[in-house]
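File shown: structure.txt. Contents: compact mmCIF, C-alpha atoms.
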```txt
# COMPACT_ATOMS: atom_id res chain seq x y z
CA TRP A 1 8.64 -20.58 -13.46
CA SER A 2 10.70 -17.50 -14.21
CA GLU A 3 12.30 -18.42 -17.52
CA SER A 4 9.86 -20.71 -19.30
CA ARG A 5 6.15 -20.26 -19.93
CA LEU A 6 5.83 -24.04 -20.27
CA GLY A 7 7.61 -24.46 -16.94
CA ARG A 8 5.32 -21.86 -15.38
CA LEU A 9 2.18 -23.62 -16.59
CA GLY A 10 3.47 -27.00 -15.43
CA LEU A 11 4.45 -25.82 -11.97
CA SER A 12 1.11 -24.02 -11.58
CA ARG A 13 -0.67 -27.34 -12.14
CA ILE A 14 1.32 -29.41 -9.66
CA THR A 15 2.11 -26.98 -6.84
CA ASP A 16 1.39 -23.60 -5.29
CA ILE A 17 4.48 -21.53 -5.98
CA GLU A 18 3.76 -19.16 -3.08
CA ASP A 19 3.48 -22.07 -0.64
CA LEU A 20 6.78 -23.37 -1.98
CA ARG A 21 8.44 -19.99 -1.42
CA ASP A 22 7.24 -19.89 2.18
CA HIS A 23 9.25 -23.04 2.91
CA LEU A 24 12.48 -21.67 1.46
CA PRO A 25 15.04 -19.87 3.66
CA PRO A 26 15.45 -16.11 3.11
CA ASP A 27 17.92 -15.34 0.35
CA GLY A 28 20.27 -12.40 -0.02
CA PRO A 29 22.36 -10.30 2.37
CA ARG A 30 21.03 -9.45 5.79
CA LEU A 31 20.06 -5.81 6.24
CA ILE A 32 22.53 -3.72 8.21
CA ALA A 33 21.31 -1.78 11.28
CA ARG A 34 22.09 1.94 11.09
CA GLY A 35 20.85 3.20 14.46
CA ASN A 36 17.72 2.82 16.57
CA THR A 37 15.90 -0.22 15.27
CA HIS A 38 12.57 -2.03 15.73
CA ARG A 39 10.20 0.85 15.26
CA ASP A 40 6.57 -0.15 14.67
CA LEU A 41 5.38 0.75 11.17
CA VAL A 42 1.77 1.24 10.04
CA VAL A 43 1.15 1.62 6.31
CA ILE A 44 -2.29 2.63 5.07
CA THR A 45 -2.57 2.48 1.29
CA ILE A 46 -5.64 3.69 -0.57
CA ASP A 47 -6.66 2.67 -4.07
CA GLY A 48 -8.29 5.43 -6.11
CA ILE A 49 -7.46 8.51 -4.02
CA ARG A 50 -6.63 11.80 -5.73
CA ALA A 51 -4.35 14.26 -3.99
CA ASP A 52 -6.33 17.32 -5.11
CA ARG A 53 -9.42 16.27 -3.11
CA THR A 54 -7.62 15.67 0.21
CA PRO A 55 -7.17 18.27 2.99
CA ASP A 56 -3.36 18.00 2.95
CA HIS A 57 -3.55 19.44 -0.58
CA GLY A 58 -6.28 21.98 0.13
CA GLY A 59 -9.05 19.71 -1.13
CA PRO A 60 -12.67 19.78 0.08
CA ALA A 61 -13.12 16.14 1.12
CA PRO A 62 -14.06 15.81 4.82
CA MET A 63 -11.02 13.86 6.04
CA ALA A 64 -10.27 15.05 9.58
CA ALA A 65 -8.01 12.10 10.49
CA LEU A 66 -5.82 12.53 7.43
CA GLY A 67 -5.73 16.28 8.04
CA ASP A 68 -4.57 15.70 11.61
CA LEU A 69 -1.79 13.37 10.44
CA ALA A 70 -0.74 16.00 7.90
CA ARG A 71 -0.55 18.72 10.56
CA ARG A 72 1.71 16.65 12.83
CA GLY A 73 3.70 14.89 10.12
CA LEU A 74 5.52 15.31 6.84
CA VAL A 75 3.43 15.97 3.73
CA PHE A 76 4.84 15.24 0.29
CA GLU A 77 3.14 17.73 -2.01
CA TRP A 78 4.07 15.97 -5.24
CA ALA A 79 3.97 12.22 -4.68
CA PHE A 80 3.25 10.03 -7.67
CA ALA A 81 1.98 6.47 -7.94
CA ALA A 82 4.21 4.12 -9.89
CA SER A 83 1.38 3.37 -12.31
CA PRO A 84 -2.26 4.40 -12.91
CA THR A 85 -3.26 0.73 -12.50
CA ALA A 86 -3.25 -1.16 -9.21
CA ARG A 87 -1.88 -4.31 -10.83
CA ARG A 88 1.38 -2.47 -11.48
CA SER A 89 1.53 0.18 -8.75
CA ILE A 90 1.03 -2.11 -5.73
CA PRO A 91 3.64 -4.76 -6.70
CA SER A 92 6.05 -1.90 -7.32
CA LEU A 93 5.26 -0.40 -3.92
CA ILE A 94 5.74 -3.62 -1.95
CA THR A 95 8.99 -4.57 -3.69
CA GLY A 96 10.60 -1.16 -4.22
CA ILE A 97 11.12 -2.00 -7.90
CA ALA A 98 9.95 0.19 -10.78
CA PRO A 99 7.09 -1.30 -12.85
CA HIS A 100 9.18 -1.73 -15.99
CA ARG A 101 11.68 -3.84 -14.01
CA LEU A 102 9.09 -6.11 -12.40
CA ARG A 103 9.07 -9.66 -13.70
CA GLY A 104 6.04 -11.89 -13.67
CA GLU A 105 2.91 -13.01 -15.44
CA SER A 106 0.09 -10.65 -16.38
CA SER A 107 -3.48 -11.94 -16.53
CA ASP A 108 -7.05 -10.72 -16.31
CA ASP A 109 -6.86 -11.08 -12.52
CA GLY A 110 -3.75 -8.97 -12.03
CA PHE A 111 0.00 -9.36 -12.13
CA GLU A 112 1.56 -12.47 -10.62
CA LEU A 113 5.05 -11.68 -9.31
CA ASP A 114 8.09 -13.67 -10.32
CA PRO A 115 9.06 -15.92 -7.36
CA ARG A 116 12.48 -14.27 -7.21
CA HIS A 117 11.08 -10.89 -6.19
CA VAL A 118 11.43 -10.32 -2.44
CA SER A 119 8.97 -8.01 -0.72
CA VAL A 120 9.71 -5.45 1.98
CA ALA A 121 7.52 -7.47 4.37
CA GLU A 122 9.72 -10.52 3.82
CA GLN A 123 12.84 -8.50 4.51
CA LEU A 124 11.44 -7.05 7.73
CA ARG A 125 10.04 -10.41 8.84
CA ALA A 126 13.54 -11.87 8.50
CA LEU A 127 14.66 -9.17 10.97
CA GLY A 128 12.13 -10.24 13.60
CA TYR A 129 9.12 -8.13 12.65
CA GLN A 130 5.60 -9.40 13.14
CA THR A 131 3.81 -8.76 9.85
CA ALA A 132 0.06 -8.39 9.31
CA ALA A 133 -1.95 -7.35 6.26
CA PHE A 134 -5.60 -6.27 6.39
CA THR A 135 -6.73 -5.84 2.79
CA CYS A 136 -9.89 -5.19 0.86
CA CYS A 137 -9.41 -7.14 -2.30
CA PHE A 138 -6.45 -9.48 -2.77
CA GLY A 139 -8.22 -12.77 -3.23
CA ASP A 140 -7.12 -14.27 -6.53
CA ARG A 141 -3.94 -16.13 -7.39
CA ALA A 142 -2.10 -13.23 -9.01
CA GLN A 143 -2.84 -10.69 -6.30
CA ARG A 144 -1.93 -13.17 -3.56
CA THR A 145 1.70 -12.79 -4.60
CA TRP A 146 1.47 -9.17 -3.41
CA LEU A 147 1.05 -10.43 0.17
CA ARG A 148 4.45 -12.10 0.42
CA GLY A 149 5.95 -11.86 3.87
CA PHE A 150 2.74 -11.29 5.83
CA ASP A 151 2.08 -13.90 8.51
CA LEU A 152 -1.47 -12.67 9.14
CA ARG A 153 -3.80 -11.92 6.24
CA VAL A 154 -7.32 -10.63 6.80
CA ALA A 155 -9.73 -9.55 4.04
CA ASN A 156 -12.91 -7.49 4.11
CA ASP A 157 -14.44 -5.31 1.40
CA ASP A 158 -15.75 -2.64 3.78
CA PRO A 159 -12.98 -0.13 4.70
CA VAL A 160 -14.35 0.74 8.15
CA THR A 161 -15.03 -2.88 9.10
CA LEU A 162 -11.56 -3.88 7.90
CA ALA A 163 -9.89 -1.11 9.92
CA GLY A 164 -11.94 -2.09 12.95
CA LEU A 165 -10.64 -5.65 12.68
CA ALA A 166 -7.10 -4.31 12.51
CA ARG A 167 -7.71 -2.05 15.52
CA ASP A 168 -9.03 -4.93 17.63
CA TRP A 169 -6.14 -7.17 16.60
CA VAL A 170 -3.58 -4.50 17.54
CA LYS A 171 -5.20 -3.97 20.94
CA ALA A 172 -5.14 -7.72 21.62
CA ARG A 173 -1.44 -8.13 20.74
CA THR A 174 0.75 -9.37 23.58
CA THR A 175 4.06 -9.81 21.78
CA THR A 176 6.86 -7.26 22.05
CA GLN A 177 7.98 -7.89 18.48
CA PRO A 178 8.23 -4.81 16.28
CA LEU A 179 5.24 -4.59 13.94
CA LEU A 180 4.67 -4.01 10.25
CA LEU A 181 0.94 -3.47 9.77
CA TRP A 182 -0.41 -2.90 6.26
CA ILE A 183 -3.98 -1.72 5.73
CA HIS A 184 -5.11 -1.55 2.09
CA VAL A 185 -8.53 -0.11 1.25
CA ALA A 186 -10.28 1.17 -1.86
CA VAL A 187 -12.42 4.28 -2.17
CA PRO A 188 -16.00 2.93 -2.17
CA TRP A 189 -18.33 3.60 -5.09
CA PRO A 190 -21.95 2.61 -5.75
CA ALA A 191 -22.36 -0.32 -8.13
CA ASP A 192 -23.79 1.94 -10.85
CA ARG A 193 -21.06 4.59 -10.71
CA GLU A 194 -20.80 4.79 -14.51
CA ALA A 195 -24.41 6.01 -14.58
CA LEU A 196 -23.71 8.95 -12.26
CA PRO A 197 -24.13 12.34 -13.93
CA PRO A 198 -20.89 14.38 -14.07
CA GLU A 199 -22.10 16.89 -11.48
CA ARG A 200 -22.68 14.09 -8.96
CA ARG A 201 -19.34 12.28 -9.33
CA LEU A 202 -17.30 14.59 -7.09
CA VAL A 203 -20.01 14.61 -4.39
CA VAL A 204 -20.15 10.81 -4.27
CA TYR A 205 -16.36 10.59 -4.51
CA ASP A 206 -15.81 12.94 -1.56
CA ALA A 207 -18.33 10.92 0.47
CA GLY A 208 -16.24 7.83 -0.30
CA LEU A 209 -13.12 9.65 0.90
CA GLN A 210 -14.93 10.45 4.14
CA THR A 211 -15.53 6.70 4.59
CA ILE A 212 -11.81 6.10 4.02
CA ASP A 213 -11.05 8.71 6.69
CA ARG A 214 -13.18 6.79 9.17
CA ALA A 215 -11.04 3.74 8.40
CA ILE A 216 -7.90 5.78 9.12
CA THR A 217 -9.43 6.86 12.44
CA GLN A 218 -10.17 3.24 13.38
CA THR A 219 -6.63 2.15 12.55
CA ILE A 220 -5.03 4.91 14.61
CA ALA A 221 -7.35 4.08 17.52
CA GLY A 222 -5.59 0.73 17.88
CA PHE A 223 -2.53 2.61 19.17
CA ALA A 224 -4.38 5.14 21.34
CA ALA A 225 -2.80 3.81 24.55
CA ARG A 226 0.72 4.47 23.27
CA THR A 227 2.77 7.44 24.42
CA VAL A 228 4.06 9.91 21.85
CA GLU A 229 7.52 8.34 22.06
CA THR A 230 6.24 4.77 21.54
CA ALA A 231 3.65 5.53 18.87
CA PRO A 232 4.21 3.84 15.51
CA ILE A 233 5.34 5.65 12.42
CA THR A 234 2.18 5.94 10.32
CA ILE A 235 2.24 6.30 6.54
CA VAL A 236 -0.80 7.10 4.42
CA ALA A 237 -0.28 6.77 0.67
CA GLY A 238 -2.37 6.46 -2.46
CA THR A 239 -1.63 3.60 -4.84
CA ARG A 240 -3.32 5.41 -7.75
CA GLY A 241 -5.70 8.30 -8.37
CA GLU A 242 -9.09 8.40 -10.04
CA GLU A 243 -10.20 9.82 -13.37
CA LEU A 244 -13.65 11.37 -13.02
CA GLY A 245 -14.10 12.61 -16.57
CA GLU A 246 -11.77 15.63 -16.68
CA HIS A 247 -9.90 14.15 -19.66
CA GLY A 248 -12.61 12.18 -21.38
CA THR A 249 -13.58 8.73 -20.11
CA PRO A 250 -14.33 8.59 -16.36
CA PHE A 251 -12.80 5.80 -14.26
CA ASP A 252 -10.13 5.13 -16.89
CA GLN A 253 -6.87 3.55 -15.63
CA ASP A 254 -4.65 3.86 -18.69
CA GLU A 255 -3.60 7.51 -18.82
CA LEU A 256 -0.84 9.49 -17.12
CA PHE A 257 -2.72 12.61 -16.01
CA ASN A 258 -2.28 13.96 -12.48
CA THR A 259 -5.83 12.86 -11.70
CA GLN A 260 -4.60 9.27 -11.99
CA LEU A 261 -1.01 9.56 -10.72
CA HIS A 262 -0.79 12.44 -8.20
CA VAL A 263 -1.60 10.86 -4.84
CA PRO A 264 -1.33 11.87 -1.16
CA LEU A 265 1.68 10.77 0.88
CA VAL A 266 1.87 11.64 4.58
CA ILE A 267 4.34 10.25 7.14
CA ALA A 268 3.85 10.97 10.86
CA GLY A 269 5.31 9.65 14.09
CA PRO A 270 8.36 9.73 16.35
CA THR A 271 11.56 10.97 14.66
CA VAL A 272 9.61 12.27 11.65
CA ARG A 273 9.91 16.02 11.27
CA VAL A 274 6.82 18.13 10.70
CA GLY A 275 6.60 20.05 7.45
CA ARG A 276 6.01 19.87 3.72
CA ARG A 277 8.23 18.64 0.91
CA PRO A 278 7.70 20.32 -2.49
CA ASP A 279 9.96 18.02 -4.52
CA ALA A 280 8.58 15.19 -6.64
CA VAL A 281 8.78 11.69 -5.14
CA SER A 282 7.70 8.26 -6.31
CA LEU A 283 5.82 5.60 -4.39
CA VAL A 284 8.39 3.14 -5.77
CA ASP A 285 10.63 4.47 -2.99
CA LEU A 286 8.18 3.72 -0.18
CA GLY A 287 9.53 0.19 0.32
CA PRO A 288 13.17 1.18 0.90
CA THR A 289 11.94 4.12 3.00
CA LEU A 290 10.15 1.68 5.32
CA ILE A 291 13.38 -0.27 5.77
CA GLU A 292 15.22 2.95 6.55
CA LEU A 293 12.55 4.08 9.03
CA ALA A 294 12.90 0.70 10.75
CA GLY A 295 16.55 1.54 11.32
CA TYR A 296 18.27 -0.44 8.57
CA THR A 297 20.14 0.35 5.38
CA PRO A 298 17.98 -0.56 2.35
CA PRO A 299 19.48 -3.06 -0.10
CA ARG A 300 20.86 -1.62 -3.31
CA GLY A 301 18.89 -1.85 -6.53
```

Give the structure from this file in structure tokens form.
Amino acid sequence: WSESRLGRLGLSRITDIEDLRDHLPPDGPRLIARGNTHRDLVVITIDGIRADRTPDHGGPAPMAALGDLARRGLVFEWAFAASPTARRSIPSLITGIAPHRLRGESSDDGFELDPRHVSVAEQLRALGYQTAAFTCCFGDRAQRTWLRGFDLRVANDDPVTLAGLARDWVKARTTTQPLLLWIHVAVPWPADREALPPERRLVVYDAGLQTIDRAITQTIAGFAARTVETAPITIVAGTRGEELGEHGTPFDQDELFNTQLHVPLVIAGPTVRVGRRPDAVSLVDLGPTLIELAGYTPPRG
């Protein structure tokens, strides 16, 4: 699959490469514990969210839940998505590998990861984590490779409904396993968004961000019974921004302007100091950061 296009096409006809991977034992060195381990981790990623519209960056969007997380957590003022396109930024985020180093097959549906790439979820699952992904839009073959390592996979296009399903599942959990919970949502737009006049785009966009904030509220509600000390570490991050016409074509995903790359990144929870970081950071580093927050030393490379 990895070295030959003919081999890739042949294997794709006779087997499901992801199913095959699931039956293989974990490869590579075991992660080394560095201190307190088994901390629950909640990752909320948002497709199409611009930092300049969010309250943690002084923006006007009505996002009370995100603003509350920012006040009691660590805000990264200059966080950048790995790519302006989801097909490159999300695989980079879940593997901790820069887009230009990712191997795989690009298609109209997305980017199908090389079977040799190991996700952060797979690494944490090998350490005893229960892994669950509630996502809006990973249905096709290529995007399914982005869900490696997640034992539970739930899909729903509506952000609030999806977060509600995650909340109910968390409340019903009975296991004491540490948890990696990934919620991925997209900022909602009307079907005719290209027809919106320029003066209406920001109004409709901010209303979509308010819907996303309701999804954040629902997710956090799943852990409402936890004490401060046992609360999960919660991370909210954008996977890419949104171009609304400031540099020409609205809704373009091929440029490198801040509107498309500068995204919010907030981390809150036990052991996370409160404050703001002014240095530039990349969402490529979110994967190894999750491993470190779990109490392990991230693998090199």

For range 178-180 of chain A, list every protein, DNA or RNA residue within 8 Å, evaluated using all atoms listed in the file, and leave out those in the same chain fewer than 4 positions away; present the list as a VMD selection string.
chain A and resid 38 to 43 121 124 128 to 132

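Our summary of the geometry notes that CA of Arg193 in chain A is positioned 26.0 Å from CA of Ala65 in chain A.
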
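Among A:Ala51, A:Val228, A:Val185, A:Val274, the residue with the shortest atom-to-atom distance to Ile212 in chain A, counting all atoms listed in the file, is A:Val185.
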
Coordinates-based distance that separates CA of Tyr296 in chain A from CA of Leu31 in chain A (Å, one decimal):
6.1 Å

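Each of A:Ala70, A:Ile46, A:Leu147, A:Ile14 was compared to Gly208 in chain A using all atoms listed in the file, and A:Ile46 turns out to be the nearest.
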
Figure out the distance between CA of Ile267 in chain A and CA of Phe76 in chain A, please, to one decimal in Å.
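Computing it gives 8.5 Å between the two atoms.
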
Contact check, range 153-213 of chain A to range 81-97 of chain A, at most 12 Å, counting all atoms listed in the file, closest pairs as a Markdown table:
```
| residue | atom | partner | partner_atom | distance |
| --- | --- | --- | --- | --- |
| A:Trp182 | CA | A:Ile94 | CA | 10.3 |
| A:His184 | CA | A:Ile90 | CA | 10.0 |
| A:Val185 | CA | A:Ala86 | CA | 11.8 |
| A:Ala186 | CA | A:Ala86 | CA | 10.4 |
```

Would you mind listing what lies within 9 Å of Ile32 in chain A as a ChimeraX atom specification, with all atoms listed in the file counted and same-chain residues fewer than 5 positions away left out?
/A:295-299

Please return, as a ChimeraX atom specification, all polymer residues that have at least one atom within 9 Å of the point (-0.5, -12.5, -13.0); use all atoms listed in the file and the file's own coordinate frame.
/A:87,104-113,141-143,145

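Each of A:Arg116, A:Arg72, A:His247, A:Arg153 was compared to Gly275 in chain A using all atoms listed in the file, and A:Arg72 turns out to be the nearest.
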